[in-house]
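Colleague: What follows is coords.cif, made up of mmCIF, C-alpha atoms:
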data_coords
#
loop_
_atom_site.label_atom_id
_atom_site.label_comp_id
_atom_site.auth_asym_id
_atom_site.auth_seq_id
_atom_site.Cartn_x
_atom_site.Cartn_y
_atom_site.Cartn_z
CA MET K 27 -22.16 71.63 1.28
CA LEU K 28 -23.87 69.26 -1.12
CA GLN K 29 -20.77 67.09 -1.39
CA SER K 30 -20.47 66.85 2.39
CA ASN K 31 -24.12 65.79 2.68
CA LYS K 32 -23.57 63.07 0.09
CA LEU K 33 -20.51 61.86 1.99
CA VAL K 34 -22.44 61.71 5.25
CA PHE K 35 -25.26 59.82 3.53
CA VAL K 36 -22.83 57.22 2.09
CA VAL K 37 -21.17 56.72 5.48
CA LEU K 38 -24.53 56.20 7.18
CA MET K 39 -25.63 53.71 4.53
CA LEU K 40 -22.38 51.72 4.86
CA SER K 41 -22.65 51.66 8.65
CA ASN K 42 -26.24 50.40 8.38
CA VAL K 43 -25.21 47.63 5.97
CA LEU K 44 -22.32 46.54 8.20
CA HIS K 45 -24.63 46.51 11.22
CA VAL K 46 -27.15 44.27 9.43
CA GLN K 47 -24.42 41.92 8.21
CA THR K 48 -22.99 41.67 11.72
CA GLN K 49 -26.37 40.76 13.17
CA ASN K 50 -26.90 38.09 10.51
CA TYR K 51 -23.45 36.64 11.18
CA ASN K 52 -24.08 36.54 14.91
CA GLU K 53 -27.42 34.83 14.40
CA ASN K 54 -25.85 32.22 12.12
CA TYR K 55 -22.92 31.79 14.44
CA ASN K 56 -25.17 31.09 17.42
CA GLU K 57 -27.03 28.38 15.56
CA PRO K 58 -26.30 24.84 16.77
CA ILE K 59 -23.65 23.11 14.75
CA LYS K 60 -24.78 20.03 12.92
CA GLU K 61 -22.97 16.89 13.90
CA SER K 62 -20.33 15.97 11.35
CA PRO K 63 -19.69 12.40 10.27
CA LEU K 64 -16.03 13.02 11.08
CA ASN K 65 -16.36 14.44 14.57
CA PHE K 66 -13.08 14.26 16.46
CA ASP K 67 -14.40 15.34 19.86
CA ILE K 68 -12.78 12.95 22.33
CA ASP K 69 -15.64 12.90 24.83
CA SER K 70 -18.28 12.24 22.18
CA LYS K 71 -16.15 9.51 20.63
CA LYS K 72 -15.71 7.74 23.94
CA ASN K 73 -19.47 7.66 24.50
CA ALA K 74 -20.63 7.28 20.90
CA PRO K 75 -22.05 3.96 19.69
CA LEU K 76 -19.63 1.66 17.93
CA PRO K 77 -19.82 1.47 14.14
CA THR K 78 -21.72 -1.49 12.79
CA CYS K 79 -20.38 -3.75 10.09
CA GLU K 80 -22.85 -3.93 7.23
CA PHE K 81 -23.00 -3.55 3.49
CA SER K 82 -23.64 0.08 2.54
CA TYR K 83 -25.61 0.77 -0.65
CA ASN K 84 -26.49 4.38 0.15
CA TYR K 85 -23.69 5.93 -1.90
CA ASP K 86 -23.04 9.64 -2.14
CA LEU K 87 -22.30 10.70 -5.72
CA ALA K 88 -19.45 13.11 -4.91
CA ARG K 89 -17.71 10.78 -2.45
CA GLY K 90 -18.17 7.84 -4.78
CA ILE K 91 -16.55 9.70 -7.67
CA LEU K 92 -13.68 10.86 -5.45
CA SER K 93 -13.12 7.32 -4.15
CA ALA K 94 -13.03 5.97 -7.70
CA VAL K 95 -10.61 8.69 -8.85
CA CYS K 96 -8.34 8.06 -5.84
CA PHE K 97 -8.36 4.34 -6.61
CA VAL K 98 -7.29 4.95 -10.23
CA MET K 99 -4.53 7.39 -9.26
CA ALA K 100 -3.26 5.04 -6.54
CA ALA K 101 -3.22 2.17 -9.04
CA PHE K 102 -0.99 4.24 -11.34
CA ILE K 103 1.36 4.97 -8.43
CA LEU K 104 1.39 1.28 -7.51
CA VAL K 105 2.58 0.25 -10.98
CA PHE K 106 4.62 3.24 -12.20
CA GLY K 107 5.62 4.85 -8.91
CA TYR K 108 9.34 4.90 -9.71
CA LYS K 109 9.43 4.79 -13.51
CA ARG K 110 7.20 7.85 -13.84
CA ARG K 111 8.36 9.64 -10.75
CA ARG K 112 7.15 13.13 -11.52
CA ILE K 113 3.66 11.96 -12.41
CA SER K 114 3.51 9.76 -9.31
CA PHE K 115 4.75 12.63 -7.13
CA CYS K 116 2.03 14.84 -8.57
CA LEU K 117 -0.67 12.25 -7.89
CA THR K 118 0.70 11.53 -4.41
CA GLY K 119 0.67 15.19 -3.42
CA LEU K 120 -2.78 15.65 -4.92
CA THR K 121 -4.44 12.67 -3.22
CA SER K 122 -2.75 12.88 0.18
CA THR K 123 -3.17 16.60 0.81
CA SER K 124 -6.68 16.66 -0.66
CA ILE K 125 -7.84 13.89 1.68
CA LEU K 126 -6.19 15.55 4.67
CA ALA K 127 -7.64 18.96 3.80
CA TYR K 128 -11.10 17.47 3.28
CA MET K 129 -11.04 15.84 6.71
CA VAL K 130 -10.10 19.14 8.33
CA LEU K 131 -12.75 21.09 6.41
CA VAL K 132 -15.52 18.64 7.30
CA VAL K 133 -14.77 19.07 11.00
CA GLU K 134 -13.97 22.79 11.21
CA SER K 135 -16.08 24.44 8.50
CA ARG K 136 -19.76 24.83 7.72
CA PHE K 137 -19.51 24.76 3.95
CA SER K 138 -21.46 22.41 1.75
CA LEU K 139 -20.02 19.15 0.43
CA MET K 140 -19.14 20.54 -3.00
CA ILE K 141 -17.39 23.59 -1.55
CA ASN K 142 -15.34 21.36 0.76
CA ILE K 143 -14.37 19.19 -2.19
CA LEU K 144 -13.39 22.20 -4.31
CA ILE K 145 -11.27 23.72 -1.54
CA SER K 146 -9.52 20.43 -0.76
CA MET K 147 -8.84 19.80 -4.46
CA SER K 148 -7.41 23.31 -4.82
CA ILE K 149 -5.05 22.70 -1.90
CA GLY K 150 -4.06 19.35 -3.40
CA LEU K 151 -3.31 20.93 -6.78
CA PHE K 152 -1.20 23.60 -5.13
CA VAL K 153 0.88 21.04 -3.22
CA SER K 154 1.20 18.80 -6.29
CA LEU K 155 2.87 21.71 -8.09
CA PHE K 156 5.76 21.56 -5.61
CA THR K 157 5.94 17.77 -5.51
CA THR K 158 6.19 17.67 -9.31
CA THR K 159 8.83 20.36 -9.82
CA LEU K 160 10.94 19.56 -6.72
CA LEU K 161 11.84 15.87 -6.55
CA TYR K 162 12.95 16.05 -2.93
CA CYS K 163 9.56 17.51 -2.02
CA GLY K 164 7.90 14.58 -3.78
CA LEU K 165 10.10 12.10 -1.92
CA PHE K 166 9.24 13.82 1.34
CA ILE K 167 5.47 13.61 0.79
CA THR K 168 5.67 10.00 -0.41
CA GLY K 169 7.76 8.88 2.55
CA LEU K 170 5.69 10.86 5.06
CA PHE K 171 2.33 9.37 4.17
CA ALA K 172 3.80 5.90 3.70
CA GLY K 173 5.16 6.23 7.23
CA PHE K 174 1.71 7.23 8.45
CA VAL K 175 0.31 4.02 6.96
CA ASN K 176 3.07 2.01 8.66
CA GLY K 177 2.30 3.74 11.93
CA PHE K 178 -1.38 2.81 11.78
CA VAL K 179 -0.53 -0.79 10.90
CA PHE K 180 1.83 -0.95 13.88
CA LEU K 181 -0.79 0.51 16.22
CA MET K 182 -3.41 -1.93 14.95
CA ILE K 183 -1.15 -4.84 15.90
CA TYR K 184 0.07 -3.28 19.16
CA THR K 185 -3.37 -2.39 20.49
CA THR K 186 -4.49 -5.98 19.95
CA PHE K 187 -2.27 -7.00 22.88
CA LYS K 188 -2.02 -3.77 24.92
CA PRO K 189 -4.24 -0.66 24.72
CA ILE K 190 -2.91 2.88 24.45
CA ASP K 191 -4.03 5.19 27.25
CA SER K 192 -3.57 8.50 25.44
CA VAL K 193 -4.69 9.86 22.09
CA ALA K 194 -1.59 12.06 21.93
CA LEU K 195 0.66 9.00 22.30
CA GLY K 196 -0.94 7.35 19.29
CA CYS K 197 -0.51 10.51 17.22
CA LEU K 198 3.12 10.75 18.33
CA ILE K 199 3.82 7.17 17.27
CA VAL K 200 2.29 7.80 13.84
CA ALA K 201 4.37 10.99 13.44
CA VAL K 202 7.59 9.15 14.39
CA PHE K 203 6.89 6.46 11.81
CA GLY K 204 6.24 9.14 9.20
CA LEU K 205 9.49 11.01 9.85
CA GLY K 206 11.47 7.76 9.93
CA GLN K 207 10.06 6.69 6.58
CA VAL K 208 10.89 10.13 5.16
CA PHE K 209 14.53 9.73 6.18
CA ILE K 210 15.05 6.31 4.63
CA THR K 211 13.10 7.26 1.48
CA MET K 212 15.22 10.35 0.85
CA TRP K 213 18.45 8.49 1.68
CA TRP K 214 17.84 5.40 -0.50
CA LYS K 215 16.03 6.94 -3.44
CA HIS K 216 15.54 3.79 -5.52
CA ARG K 217 14.37 0.76 -3.56
CA MET K 218 12.90 2.65 -0.64
CA HIS K 219 11.02 4.95 -2.96
CA ILE K 220 9.47 1.87 -4.57
CA LEU K 221 8.52 0.55 -1.12
CA SER K 222 7.06 3.86 0.06
CA SER K 223 5.03 4.40 -3.10
CA CYS K 224 3.61 0.86 -2.89
CA ILE K 225 2.67 1.27 0.79
CA PHE K 226 0.91 4.57 0.16
CA ALA K 227 -0.88 3.34 -2.97
CA ALA K 228 -2.01 0.11 -1.31
CA GLY K 229 -3.49 2.03 1.62
CA VAL K 230 -5.39 4.46 -0.61
CA MET K 231 -6.72 1.65 -2.82
CA MET K 232 -7.92 -0.33 0.20
CA CYS K 233 -9.74 2.67 1.70
CA SER K 234 -11.29 3.57 -1.66
CA LEU K 235 -12.71 0.08 -2.09
CA ASP K 236 -13.86 0.07 1.53
CA TYR K 237 -16.21 2.97 0.78
CA PHE K 238 -18.09 0.93 -1.82
CA VAL K 239 -18.22 -2.15 0.44
CA GLU K 240 -19.06 -0.82 3.91
CA GLY K 241 -18.84 2.98 3.84
CA PHE K 242 -15.37 3.57 5.36
CA PHE K 243 -16.04 1.16 8.21
CA ILE K 244 -12.35 0.17 8.35
CA LEU K 245 -11.32 3.77 9.04
CA GLU K 246 -13.86 4.12 11.84
CA TYR K 247 -12.79 0.76 13.26
CA MET K 248 -9.12 1.78 13.29
CA GLU K 249 -9.95 5.10 14.96
CA MET K 250 -12.00 3.47 17.73
CA LYS K 251 -9.52 0.66 18.32
CA ILE K 252 -6.31 2.69 18.31
CA PHE K 253 -7.24 5.97 19.96
CA TYR K 254 -10.24 5.11 22.17
CA ASN K 255 -9.69 1.41 22.98
CA ARG K 256 -13.18 0.49 21.82
CA VAL K 257 -13.34 -2.53 19.54
CA ALA K 258 -16.22 -3.02 17.13
CA GLU K 259 -17.17 -6.37 15.67
CA LEU K 260 -15.70 -7.17 12.27
CA CYS K 261 -17.61 -9.07 9.58
CA TRP K 262 -16.02 -11.61 7.28
CA TRP K 263 -15.86 -9.18 4.35
CA SER K 264 -14.00 -6.69 6.57
CA TYR K 265 -11.14 -9.17 6.79
CA LEU K 266 -11.16 -9.41 3.01
CA VAL K 267 -10.87 -5.63 2.72
CA LEU K 268 -7.95 -5.63 5.17
CA ALA K 269 -6.30 -8.45 3.20
CA LEU K 270 -6.46 -6.29 0.06
CA PHE K 271 -3.80 -4.00 1.55
CA ALA K 272 -1.26 -6.82 1.71
CA LEU K 273 -2.31 -8.08 -1.72
CA PHE K 274 -1.90 -4.68 -3.38
CA LEU K 275 1.42 -4.15 -1.59
CA VAL K 276 2.88 -7.45 -2.85
CA ILE K 277 1.63 -6.85 -6.39
CA GLY K 278 3.13 -3.37 -6.50
CA LEU K 279 6.50 -4.51 -5.18
CA LEU K 280 6.71 -7.36 -7.67
CA VAL K 281 5.69 -5.22 -10.64
CA GLN K 282 8.06 -2.36 -9.86
CA CYS K 283 11.04 -4.45 -8.77
CA LEU K 284 10.81 -6.84 -11.73
CA TRP K 285 9.53 -4.56 -14.50
CA SER K 286 8.72 -0.86 -14.25
CA GLY K 287 11.28 0.19 -11.62
CA LYS K 288 13.97 -2.37 -12.32
CA GLU K 289 16.48 0.07 -13.83
CA LYS K 290 17.75 2.90 -11.67
CA GLN K 291 17.11 6.31 -13.19
CA LYS K 292 19.97 8.78 -13.46
CA GLU K 293 18.00 11.99 -13.34
CA PRO K 294 20.00 14.58 -11.33
CA TYR K 295 18.41 16.09 -8.25
CA THR K 296 20.28 19.40 -8.59
CA PHE K 297 18.89 22.43 -10.35
CA VAL K 298 19.82 22.72 -14.04
CA TYR K 299 19.96 26.08 -15.78
CA LEU K 300 20.71 27.12 -19.34
CA THR K 301 23.90 28.97 -20.25
CA ARG K 302 25.33 30.22 -23.56
CA ARG K 303 28.91 29.54 -24.57
CA ARG K 304 30.36 30.23 -28.02
CA GLY K 305 26.91 30.87 -29.45
CA GLN K 306 25.48 27.49 -28.40
CA SER K 307 23.01 26.55 -25.65
CA ARG K 308 23.87 23.68 -23.36
CA ASN K 309 22.82 22.33 -19.98
CA ARG K 310 25.23 23.16 -17.23
CA GLN K 311 25.29 21.78 -13.70
CA SER K 312 25.69 24.24 -10.87
CA TYR K 313 27.19 21.48 -8.71
CA VAL K 314 29.26 18.36 -9.31
CA ASN K 315 27.83 16.23 -12.10
CA PRO K 316 26.07 13.14 -10.73
CA TYR K 317 27.80 10.87 -13.27
CA GLY K 318 31.20 11.21 -11.64
CA HIS K 319 32.81 13.92 -13.85
CA ASP K 320 33.59 17.38 -12.69
CA GLU K 321 31.98 20.37 -14.32
CA HIS K 322 34.87 21.21 -16.67
CA ASN K 323 35.19 17.72 -18.14
CA TYR K 324 31.44 17.42 -18.42
CA LEU K 325 31.27 20.57 -20.58
CA ILE K 326 34.19 19.47 -22.76
CA ASN K 327 32.72 16.03 -23.43
CA ASN K 328 29.36 17.49 -24.35
CA SER K 329 30.66 20.31 -26.56
#
Here is the file; what I need is its structure written in the form of structure tokens.
Modeller:
Amino acid sequence: MLQSNKLVFVVLMLSNVLHVQTQNYNENYNEPIKESPLNFDIDSKKNAPLPTCEFSYNYDLARGILSAVCFVMAAFILVFGYKRRRISFCLTGLTSTSILAYMVLVVESRFSLMINILISMSIGLFVSLFTTTLLYCGLFITGLFAGFVNGFVFLMIYTTFKPIDSVALGCLIVAVFGLGQVFITMWWKHRMHILSSCIFAAGVMMCSLDYFVEGFFILEYMEMKIFYNRVAELCWWSYLVLALFALFLVIGLLVQCLWSGKEKQKEPYTFVYLTRRRGQSRNRQSYVNPYGHDEHNYLINNS
């Protein structure tokens, strides 16, 4: 009897706690949502005031540190994107997915800035694990985001002469550019990988510097111009920031084509596993050897 009374008491206490927690959640849920700096509501964007071009000295410490770190990682990719492929794939997966996850979290979640940064960095680290160990996954991410950059450049030029009537059409064009760049990057793994890594790195470096100059004004300008056909006024230093993309792209192509990525690497893209034969350990290919020998001759020559 005593045990049953204790059980009933515990059940009642748990039900009371759950009831209180549910009321608190409902009260917090019904609170008005604070307007996010990255609000993607189409109606509010169409009626919102245009961004103003001005020097921004009100820096946020966390965003400033992230922008500086992204600039350094993109600079490494720009110079050693092909020569140090696994490191560049790791940095590409980390920066690209972290930025994308952060943008989604800012819009959809109610967490603080540091929690959003920690979650986005965790997602970036998880994706970078796959891009580092699987070379084709790294090529896919590099080509995809380089294609996104090409798509935005194309839309910037196209909307100068003719506006786009639909937001979905602009997103579709960017996605098509991304998939096209993925195909050519994975098909021509040397020169096109150099091109894709330079395009991605140049875009990240330009946006990182833009934060310290005018607080991501270029990103807001591109969003308004491409998707909502609303053109803000550019200042003279905005043109300098846009010119940095072409400058970084040319520098990266020259450095990699003439120095760091000049020689084609012969690292196989197939999985390699260890096998024992006659008491010795040797690497054995599960498929045809990429150097032109079949598996039997390859094992004999390396015995």
Colleague: Enter the distance from CA of Glu289 in chain K to CA of Leu221 in chain K, in Å, rounded to one decimal.
Modeller: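 We find that CA of Glu289 in chain K and CA of Leu221 in chain K lie 15.0 Å from each other.
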Colleague: Name the closest residue to Ser154 in chain K among the candidates K:Met250, K:Met129, K:Val230, K:Ile113; distances are taken between atoms, counting only C-alpha atoms.
Modeller: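 For Ser154 in chain K, the nearest of the candidates is K:Ile113.
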Colleague: Report as a ChimeraX atom specification the full result of the PyMOL selection byres ((chain K and resi 99) around 9) when it is applied to this structure.
Modeller: /K:94-98,100-104,114,117-118,121,227,231
Colleague: Go ahead and write the residues just picked, C-alpha atoms, as a PDB file, keeping the file's coordinate frame.
Modeller:
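Result written to result-v4.pdb:
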ATOM      1  CA  ALA K  94     -13.030   5.970  -7.700  1.00  0.00           C
ATOM      2  CA  VAL K  95     -10.610   8.690  -8.850  1.00  0.00           C
ATOM      3  CA  CYS K  96      -8.340   8.060  -5.840  1.00  0.00           C
ATOM      4  CA  PHE K  97      -8.360   4.340  -6.610  1.00  0.00           C
ATOM      5  CA  VAL K  98      -7.290   4.950 -10.230  1.00  0.00           C
ATOM      6  CA  ALA K 100      -3.260   5.040  -6.540  1.00  0.00           C
ATOM      7  CA  ALA K 101      -3.220   2.170  -9.040  1.00  0.00           C
ATOM      8  CA  PHE K 102      -0.990   4.240 -11.340  1.00  0.00           C
ATOM      9  CA  ILE K 103       1.360   4.970  -8.430  1.00  0.00           C
ATOM     10  CA  LEU K 104       1.390   1.280  -7.510  1.00  0.00           C
ATOM     11  CA  SER K 114       3.510   9.760  -9.310  1.00  0.00           C
ATOM     12  CA  LEU K 117      -0.670  12.250  -7.890  1.00  0.00           C
ATOM     13  CA  THR K 118       0.700  11.530  -4.410  1.00  0.00           C
ATOM     14  CA  THR K 121      -4.440  12.670  -3.220  1.00  0.00           C
ATOM     15  CA  ALA K 227      -0.880   3.340  -2.970  1.00  0.00           C
ATOM     16  CA  MET K 231      -6.720   1.650  -2.820  1.00  0.00           C
TER      17      MET K 231
END
Colleague: State, in Å with one decimal place, the distance from CA of Phe156 in chain K to CA of Cys116 in chain K.
Modeller: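 According to the coordinates, CA of Phe156 in chain K and CA of Cys116 in chain K are separated by 8.2 Å.
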Colleague: Taking into account all atoms listed in the file, which residue in the set K:Phe137, K:Tyr247, K:Phe152, K:Trp214 is nearest to Tyr265 in chain K?
Modeller: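 That would be K:Tyr247, the residue with the smallest distance to Tyr265 in chain K.
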Colleague: Which one of K:Gly119, K:Gly90, K:Gly206, K:Gly169 sits closest to His219 in chain K if you count all atoms listed in the file?
Modeller: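 Of K:Gly119, K:Gly90, K:Gly206, K:Gly169, the one nearest His219 in chain K, counting all atoms listed in the file, is K:Gly169.
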Colleague: Rounded to one decimal in Å, what is the spacing between CA of Gly177 in chain K and CA of Ile199 in chain K?
Modeller: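 Calculated distance between CA of Gly177 in chain K and CA of Ile199 in chain K is 6.5 Å.
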Colleague: With the file shown as input, list the residues that the PyMOL selection byres ((chain K and resi 224) around 7) selects, as a list in words.
Modeller: Leu104, Ile220, Leu221, Ser222, Ser223, Ile225, Phe226, Ala227, Ala228, Leu275, Gly278 and Leu279 of chain K
Colleague: Include C-alpha atoms and write out the residues we just selected as a PDB file, in the coordinates of the input.
Modeller:
ATOM      1  CA  LEU K 104       1.390   1.280  -7.510  1.00  0.00           C
ATOM      2  CA  ILE K 220       9.470   1.870  -4.570  1.00  0.00           C
ATOM      3  CA  LEU K 221       8.520   0.550  -1.120  1.00  0.00           C
ATOM      4  CA  SER K 222       7.060   3.860   0.060  1.00  0.00           C
ATOM      5  CA  SER K 223       5.030   4.400  -3.100  1.00  0.00           C
ATOM      6  CA  ILE K 225       2.670   1.270   0.790  1.00  0.00           C
ATOM      7  CA  PHE K 226       0.910   4.570   0.160  1.00  0.00           C
ATOM      8  CA  ALA K 227      -0.880   3.340  -2.970  1.00  0.00           C
ATOM      9  CA  ALA K 228      -2.010   0.110  -1.310  1.00  0.00           C
ATOM     10  CA  LEU K 275       1.420  -4.150  -1.590  1.00  0.00           C
ATOM     11  CA  GLY K 278       3.130  -3.370  -6.500  1.00  0.00           C
ATOM     12  CA  LEU K 279       6.500  -4.510  -5.180  1.00  0.00           C
TER      13      LEU K 279
END
Colleague: Counting all atoms listed in the file, what is within 7 Å of Ser124 in chain K, bar same-chain residues fewer than 6 positions away, as number ranges by chain?
Modeller: K: 146-147, 149-150
Colleague: Of the candidates K:Tyr184, K:Leu205, K:Ile190, K:Gly196, which one gets nearest to Ile167 in chain K if we count all atoms listed in the file?
Modeller: K:Leu205
Colleague: Applying the PyMOL selection byres ((chain K and resi 271) around 8) to the file I just gave you, which residues come out? Please list them as a ChimeraX atom specification.
Modeller: /K:228-229,231-232,267-270,272-275
Colleague: For Ala172 in chain K, which residue among K:Asn142, K:Thr185, K:Ser122, K:Thr158 is the nearest when counting all atoms listed in the file?
Modeller: K:Ser122
Colleague: Extract, using all atoms listed in the file, all DNA, RNA and protein residues at most 12 Å from Asp86 in chain K, discarding same-chain residues fewer than 6 positions from it, and format them as number ranges by chain.
Modeller: K: 92-93, 139-140, 237-238, 241
Colleague: Any chance you could export the current selection's C-alpha atoms as a short mmCIF file (atom, residue, chain, number, x, y, z; two decimals), in the coordinates of the input?
Modeller:
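Final output, saved to out11.cif:
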data_model
loop_
_atom_site.label_atom_id
_atom_site.label_comp_id
_atom_site.auth_asym_id
_atom_site.auth_seq_id
_atom_site.Cartn_x
_atom_site.Cartn_y
_atom_site.Cartn_z
CA LEU K 92 -13.68 10.86 -5.45
CA SER K 93 -13.12 7.32 -4.15
CA LEU K 139 -20.02 19.15 0.43
CA MET K 140 -19.14 20.54 -3.00
CA TYR K 237 -16.21 2.97 0.78
CA PHE K 238 -18.09 0.93 -1.82
CA GLY K 241 -18.84 2.98 3.84
#
Colleague: Of the candidates K:Met218, K:Leu266, K:Val105, K:Ile252, which one gets nearest to Val193 in chain K if we count only C-alpha atoms?
Modeller: K:Ile252
